[in-house]
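Take a look at the structure set out below.
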Amino acid sequence: MAEETVAVGLMGLGTVGGGVVRLLAANQEKIRQKLGVAVEISKILVRDPSKPRQVEVARGLLAVDPADILEDDRIAVVVELMGGLHPAREYISRALARGKSVVTANKDVLAVYGPELYALAGEHRVDLLFEASVGGGIPVIHPIREGLAGNRLYEVMGVVNGTTNFILTRMSAGGQDFHAALAEAQALGYAEADPRADVGGDDAARKIAILASIAFDTIVTYDDVYVEGITGVTPADIAYGNELGYTLKLLAIARQVEGEVEARVHPAFLPQGHPLAAVNDVFNAIFVRGDAVGQTMFYGPGAGQMPTASAVVGDIVEAVANIRHGSCSRISYPGADRRPIRPMGDVRCKYYLRLTVQDQPGVLARIAGVFGDHGVSLASVIQKKTVDGLAELVLVTHEVKEEDFRRALSVIAGLPVVRRIENAIRVEEEWQ
Ligand SMILES: NC(=O)c1ccc[n+]([C@@H]2O[C@H](COP(=O)([O-])OP(=O)(O)OC[C@H]3O[C@@H](n4cnc5c(N)ncnc54)[C@H](OP(=O)(O)O)[C@@H]3O)[C@@H](O)[C@H]2O)c1
């Protein structure tokens, strides 16, 4: 290897790893000019070296023993693209403890073990960079950590899962039900054969844990996030919401409220004019509010080989630049000040409610009475179709405390005039 070369060890040569190899090769000269040194991949860890690969790499580069990367002192930057919790956590820890900078796209490991990994990076004064872990190719981690560092950020809200956004877009535009839209997403390669992490909201929960931690400089882990997926959403609710001026999204929301942090993922109606309401198909966007910048939004491809590789290579370039200038870990990692997580019962928002009731006088008054007893007032009421003596009611509440709404709902569900609670969906209006 030539003198003016920084050696990088890649862990994983799958979708993203293959993209990183391609991008580093295609833009080698441009990167060398920017950095004043060449970046060269000197080892690639895989499970099975005999497996056919999408990218051509010299067989001698492949390794199955992690020590070939972790214990090679010539390797200054380790790029973890294996995914999952283990052994990613152990390999990243070993690399950081040995003074290597680490780049990772792994939201799972950061959402669970972020606190210990941030602490290790800080302790050993090396970089832990993770731009690709949220929003794929969208630059959002750096803008939040650096470009917006002069702000007090109080809200980060995102459409951060492309699979569910595609499904909801199809359900909104084509009136498809959830299962048909999921099958289409799977046929197009946008959803995994086992789609649970996406449709159940866990993938988005991991991403909002990472975003909340860096935006609010505190520790938020996956376990702190309230999670509800989109499997209960129906085309009827989406259509009624549209009539009321709303668009349905799976939102990942983090806010600082009265010294506490709210972190939640659930389907939510947004006013049609909200910037996130226009984010369709597999695209992602992250909407951020700060005291100085006001509102800002980062939009783009939330996954995919080359967009994700773009974010990873950007991090590699930064890690190498920092090593060259002896200035790693310039901005502190979250963790110094750990703020309490607001219990979901204390969260406040509006609610959309659809229920089937007996079509007889006084029903609405009974329901409104129960809500009133729990401090919940109604903003609008629409009676939809009436069939066989049963009516469909759609209500929207004013802002309520979650636990008050839930208590009222359990009483309403027991009223003899109420046949079924069809669905209850949160409404995120403009928040101050
Ligand atoms: N795909 C995307 O669009 C995307 C977007 C954003 C973030 N990410 C994140 O990027 C990371 C990589 O995703 P991917 O889609 O590229 O995954 P992938 O296609 O499944 O590739 C994983 C690679 O890691 C290797 N690997 C896995 N476990 C290993 C182990 N224990 N020891 C050695 N090698 C191991 C595999 O080796 P073999 O090839 O030998 O099996 C494979 O090359 C994940 O954290 C993912 O969440 C992906």
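By order in the structure tokens, chains are A, B, ...; within a chain, residues start at 1; ligands start at 1, following the order shown.
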
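Near segment 367-379 of chain A, within a cut-off of 9 Å and counting only C-alpha atoms, sit the residues A:Gly362, A:Val363, A:Leu364, A:Leu395, A:Val396, A:Thr397, A:His398, A:Glu399, A:Val400, A:Lys401, A:Asp404, A:Phe405, A:Arg407, A:Ala408, A:Leu409, A:Val411, A:Ile412, A:Leu415, A:Val418, with same-chain residues fewer than 3 positions away left out.
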
Taking only C-alpha atoms and all ligand atoms into account, report as a ChimeraX atom specification which residues have an atom no farther than 7 Å from an atom of ligand 1.
/A:11-17,45-49,51,64,81-84,87,105-108,132-134,136,302-305,308

Export of prior selection with N, CA and C atoms as a compact mmCIF listing (two decimals), in the first residue's frame:
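Now in part.txt:
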```txt
# COMPACT_ATOMS: atom_id res chain seq x y z
N MET A 11 -16.89 -4.47 7.05
CA MET A 11 -17.50 -5.66 7.63
C MET A 11 -18.87 -5.83 7.00
N GLY A 12 -18.98 -6.73 6.03
CA GLY A 12 -20.23 -6.92 5.30
C GLY A 12 -20.07 -6.51 3.85
N LEU A 13 -20.47 -7.42 2.96
CA LEU A 13 -20.41 -7.13 1.51
C LEU A 13 -21.75 -7.54 0.89
N GLY A 14 -22.82 -7.08 1.51
CA GLY A 14 -24.15 -7.36 0.97
C GLY A 14 -24.61 -6.18 0.13
N THR A 15 -25.88 -5.80 0.28
CA THR A 15 -26.44 -4.71 -0.54
C THR A 15 -25.63 -3.44 -0.35
N VAL A 16 -25.51 -2.97 0.89
CA VAL A 16 -24.86 -1.68 1.13
C VAL A 16 -23.34 -1.81 0.96
N GLY A 17 -22.76 -2.90 1.48
CA GLY A 17 -21.32 -3.10 1.34
C GLY A 17 -20.91 -3.09 -0.13
N LEU A 45 -14.84 -8.32 5.63
CA LEU A 45 -15.32 -9.47 6.41
C LEU A 45 -16.66 -9.94 5.84
N VAL A 46 -16.76 -11.25 5.59
CA VAL A 46 -18.03 -11.85 5.16
C VAL A 46 -18.23 -13.15 5.94
N ARG A 47 -19.42 -13.73 5.78
CA ARG A 47 -19.64 -15.04 6.40
C ARG A 47 -19.14 -16.15 5.49
N ASP A 48 -19.43 -15.97 4.18
CA ASP A 48 -19.15 -17.05 3.24
C ASP A 48 -18.39 -16.51 2.03
N PRO A 49 -17.05 -16.69 2.01
CA PRO A 49 -16.24 -16.12 0.92
C PRO A 49 -16.53 -16.75 -0.44
N LYS A 51 -19.44 -17.35 -1.72
CA LYS A 51 -20.74 -16.91 -2.24
C LYS A 51 -20.53 -15.99 -3.46
N VAL A 64 -12.86 -14.12 6.94
CA VAL A 64 -13.95 -14.60 7.80
C VAL A 64 -13.63 -14.41 9.28
N LEU A 81 -21.21 -3.01 8.13
CA LEU A 81 -22.40 -3.09 7.27
C LEU A 81 -22.95 -4.51 7.29
N MET A 82 -22.91 -5.13 8.49
CA MET A 82 -23.44 -6.49 8.62
C MET A 82 -24.89 -6.45 9.04
N GLY A 83 -25.23 -5.47 9.89
CA GLY A 83 -26.59 -5.37 10.42
C GLY A 83 -26.77 -6.23 11.65
N GLY A 84 -27.92 -6.06 12.34
CA GLY A 84 -28.24 -6.86 13.52
C GLY A 84 -27.49 -6.41 14.76
N PRO A 87 -22.92 -10.07 15.93
CA PRO A 87 -21.78 -9.54 16.67
C PRO A 87 -21.46 -8.07 16.38
N ALA A 105 -24.11 1.70 9.38
CA ALA A 105 -25.45 2.02 8.87
C ALA A 105 -26.49 1.32 9.73
N ASN A 106 -26.05 0.81 10.89
CA ASN A 106 -26.84 -0.15 11.66
C ASN A 106 -27.72 0.51 12.72
N LYS A 107 -28.99 0.75 12.36
CA LYS A 107 -29.91 1.42 13.31
C LYS A 107 -30.23 0.52 14.50
N ASP A 108 -30.26 -0.81 14.24
CA ASP A 108 -30.62 -1.73 15.33
C ASP A 108 -29.63 -1.60 16.48
N ALA A 132 -25.99 6.86 7.65
CA ALA A 132 -26.88 5.97 6.89
C ALA A 132 -27.89 5.23 7.76
N SER A 133 -27.77 5.37 9.09
CA SER A 133 -28.66 4.58 9.95
C SER A 133 -30.09 5.11 9.94
N VAL A 134 -30.29 6.35 9.57
CA VAL A 134 -31.64 6.94 9.48
C VAL A 134 -31.75 7.65 8.14
N GLY A 136 -31.54 6.52 5.07
CA GLY A 136 -30.75 6.04 3.93
C GLY A 136 -29.81 7.11 3.40
N GLY A 302 -34.99 6.90 1.25
CA GLY A 302 -34.74 6.43 2.61
C GLY A 302 -34.01 5.11 2.68
N ALA A 303 -33.73 4.48 1.54
CA ALA A 303 -33.01 3.20 1.52
C ALA A 303 -32.51 2.97 0.10
N GLY A 304 -32.01 1.76 -0.14
CA GLY A 304 -31.51 1.42 -1.47
C GLY A 304 -29.99 1.40 -1.47
N GLN A 305 -29.45 0.59 -2.38
CA GLN A 305 -28.00 0.36 -2.37
C GLN A 305 -27.17 1.63 -2.50
N THR A 308 -27.81 4.62 0.12
CA THR A 308 -27.25 4.31 1.43
C THR A 308 -25.73 4.34 1.38
```

What are the nearest atom pairs, with distances in Å to one decimal, for all residues of segment 238-337 of chain A that come at most 6 Å from segment 197-215 of chain A, using only C-alpha atoms, set out by chain and rising residue number as JSON lines?
```
{"residue": "A:Ala252", "atom": "CA", "partner": "A:Ile208", "partner_atom": "CA", "distance": 5.9}
{"residue": "A:Ala254", "atom": "CA", "partner": "A:Ala212", "partner_atom": "CA", "distance": 5.8}
{"residue": "A:Val265", "atom": "CA", "partner": "A:Ala205", "partner_atom": "CA", "distance": 5.9}
{"residue": "A:Pro334", "atom": "CA", "partner": "A:Ile214", "partner_atom": "CA", "distance": 5.9}
```

Kindly save the residues from that selection, with N, CA and C atoms included, as a compact mmCIF listing (two decimals), in the first residue's frame.
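What landed in selection_30.txt:
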```
# COMPACT_ATOMS: atom_id res chain seq x y z
N ALA A 252 -42.96 8.99 13.00
CA ALA A 252 -42.04 8.80 14.12
C ALA A 252 -41.86 10.20 14.70
N ALA A 254 -40.62 12.79 17.92
CA ALA A 254 -39.87 13.03 19.17
C ALA A 254 -40.01 14.51 19.50
N VAL A 265 -44.06 6.13 17.83
CA VAL A 265 -44.29 5.79 16.42
C VAL A 265 -45.70 5.24 16.33
N PRO A 334 -24.43 12.10 22.52
CA PRO A 334 -25.49 12.27 23.51
C PRO A 334 -25.22 11.45 24.77
```

Which residues are near Gln358 of chain A? Cut-off 12 Å, only C-alpha atoms, ignore same chain within fewer than 4 positions. Put them as a ChimeraX atom specification.
/A:362-364,366-367,383,385-393,415-420

Would you put the residues from that selection into a file with C-alpha atoms, as a PDB file, in the first residue's frame?
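Saved to part.pdb:
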```pdb
ATOM      1  CA  GLY A 362     -79.796  10.382  21.851  1.00  0.00           C
ATOM      2  CA  VAL A 363     -76.817   8.148  20.941  1.00  0.00           C
ATOM      3  CA  LEU A 364     -74.492  11.016  20.145  1.00  0.00           C
ATOM      4  CA  ARG A 366     -74.590   9.663  25.397  1.00  0.00           C
ATOM      5  CA  ILE A 367     -71.176   9.414  23.739  1.00  0.00           C
ATOM      6  CA  GLN A 383     -72.675  10.644  10.668  1.00  0.00           C
ATOM      7  CA  LYS A 385     -73.840   5.625   6.258  1.00  0.00           C
ATOM      8  CA  THR A 386     -76.797   3.980   7.979  1.00  0.00           C
ATOM      9  CA  VAL A 387     -77.435   0.293   7.268  1.00  0.00           C
ATOM     10  CA  ASP A 388     -79.860  -2.109   8.995  1.00  0.00           C
ATOM     11  CA  GLY A 389     -80.490   0.185  11.924  1.00  0.00           C
ATOM     12  CA  LEU A 390     -76.770   0.807  12.496  1.00  0.00           C
ATOM     13  CA  ALA A 391     -75.007   4.126  11.854  1.00  0.00           C
ATOM     14  CA  GLU A 392     -71.340   4.884  11.369  1.00  0.00           C
ATOM     15  CA  LEU A 393     -70.101   7.869  13.354  1.00  0.00           C
ATOM     16  CA  LEU A 415     -72.476   1.468  26.165  1.00  0.00           C
ATOM     17  CA  PRO A 416     -75.406  -0.684  24.972  1.00  0.00           C
ATOM     18  CA  VAL A 417     -75.968   1.673  22.008  1.00  0.00           C
ATOM     19  CA  VAL A 418     -72.401   1.232  20.771  1.00  0.00           C
ATOM     20  CA  ARG A 419     -71.932  -1.813  18.568  1.00  0.00           C
ATOM     21  CA  ARG A 420     -68.215  -1.487  17.787  1.00  0.00           C
TER      22      ARG A 420
END
```

Just list the residues in segment 171-215 of chain A DSSP gives helix (DSSP H, G or I) on the backbone, as a ChimeraX atom specification.
/A:171-174,178-187,196-199,202-215

Counting only C-alpha atoms, figure out which residue out of A:Ile341, A:Val102, A:Val140, A:Ile92 gets nearest to Val78 of chain A.
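Among A:Ile341, A:Val102, A:Val140, A:Ile92, it is A:Val102 that comes nearest to Val78 of chain A.
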
Top pick for closest residue to Glu403 of chain A, considering A:Lys384, A:Arg170, A:Arg348, A:Arg354 and counting only C-alpha atoms
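That would be A:Arg348, the residue with the smallest distance to Glu403 of chain A.
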
Which residue of A:Glu123, A:Gln176, A:Val320, A:Ala413 approaches Val39 of chain A most closely, using only C-alpha atoms:
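Nearest candidate to Val39 of chain A out of A:Glu123, A:Gln176, A:Val320, A:Ala413: A:Val320.
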
Give me, as a ChimeraX atom specification, all polymer residues having an atom no more than 12 Å from Ser50 of chain A, counting only C-alpha atoms and skipping those fewer than 6 positions away in the same chain.
/A:57,59-60,62-64

If you keep N, CA and C atoms, can you produce a file of those selected residues as a PDB file, in the first residue's frame?
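Final output, saved to again.pdb:
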```pdb
ATOM      1  N   VAL A  57     -14.527  -8.347  -6.271  1.00  0.00           N
ATOM      2  CA  VAL A  57     -13.430  -7.944  -5.383  1.00  0.00           C
ATOM      3  C   VAL A  57     -12.389  -9.057  -5.415  1.00  0.00           C
ATOM      4  N   ARG A  59     -10.242 -11.945  -4.373  1.00  0.00           N
ATOM      5  CA  ARG A  59     -10.537 -12.987  -3.379  1.00  0.00           C
ATOM      6  C   ARG A  59      -9.711 -12.784  -2.095  1.00  0.00           C
ATOM      7  N   GLY A  60      -8.469 -12.300  -2.284  1.00  0.00           N
ATOM      8  CA  GLY A  60      -7.573 -12.107  -1.146  1.00  0.00           C
ATOM      9  C   GLY A  60      -8.064 -11.031  -0.180  1.00  0.00           C
ATOM     10  N   LEU A  62     -11.125 -10.856   0.935  1.00  0.00           N
ATOM     11  CA  LEU A  62     -12.188 -11.393   1.792  1.00  0.00           C
ATOM     12  C   LEU A  62     -11.604 -12.122   3.007  1.00  0.00           C
ATOM     13  N   ALA A  63     -12.284 -11.937   4.145  1.00  0.00           N
ATOM     14  CA  ALA A  63     -11.840 -12.597   5.379  1.00  0.00           C
ATOM     15  C   ALA A  63     -13.060 -13.100   6.137  1.00  0.00           C
ATOM     16  N   VAL A  64     -12.863 -14.123   6.940  1.00  0.00           N
ATOM     17  CA  VAL A  64     -13.952 -14.601   7.799  1.00  0.00           C
ATOM     18  C   VAL A  64     -13.628 -14.407   9.285  1.00  0.00           C
TER      19      VAL A  64
END
```

Which residues come within 12 Å of Met344 of chain A, counting only C-alpha atoms, excluding same-chain residues fewer than 2 positions away, as a VMD selection string?
chain A and resid 224 to 228 260 to 266 341 to 342 346 to 349 401 to 406

Using C-alpha atoms, can you write the selected residues to a file as an mmCIF file, in the first residue's frame?
```cif
data_model
loop_
_atom_site.group_PDB
_atom_site.id
_atom_site.type_symbol
_atom_site.label_atom_id
_atom_site.label_comp_id
_atom_site.auth_asym_id
_atom_site.auth_seq_id
_atom_site.Cartn_x
_atom_site.Cartn_y
_atom_site.Cartn_z
ATOM 1 C CA ASP A 224 -38.266 4.167 25.414
ATOM 2 C CA VAL A 225 -40.314 4.491 22.223
ATOM 3 C CA TYR A 226 -44.064 3.817 22.176
ATOM 4 C CA VAL A 227 -44.779 1.752 19.040
ATOM 5 C CA GLU A 228 -47.939 1.055 17.050
ATOM 6 C CA GLU A 260 -39.487 15.487 29.291
ATOM 7 C CA VAL A 261 -38.953 13.700 25.986
ATOM 8 C CA GLU A 262 -41.803 12.212 23.989
ATOM 9 C CA ALA A 263 -40.813 9.386 21.634
ATOM 10 C CA ARG A 264 -43.470 7.520 19.704
ATOM 11 C CA VAL A 265 -44.291 5.786 16.420
ATOM 12 C CA HIS A 266 -47.872 5.306 15.258
ATOM 13 C CA ILE A 341 -39.242 9.965 28.922
ATOM 14 C CA ARG A 342 -42.844 11.167 29.054
ATOM 15 C CA ASP A 346 -49.451 11.910 29.497
ATOM 16 C CA VAL A 347 -49.009 12.666 25.785
ATOM 17 C CA ARG A 348 -51.547 15.111 24.356
ATOM 18 C CA CYS A 349 -53.045 15.054 20.850
ATOM 19 C CA LYS A 401 -54.476 13.640 27.287
ATOM 20 C CA GLU A 402 -54.015 10.077 26.008
ATOM 21 C CA GLU A 403 -55.056 8.416 29.276
ATOM 22 C CA ASP A 404 -58.266 10.488 29.484
ATOM 23 C CA PHE A 405 -59.168 9.514 25.925
ATOM 24 C CA ARG A 406 -58.454 5.819 26.617
#
```
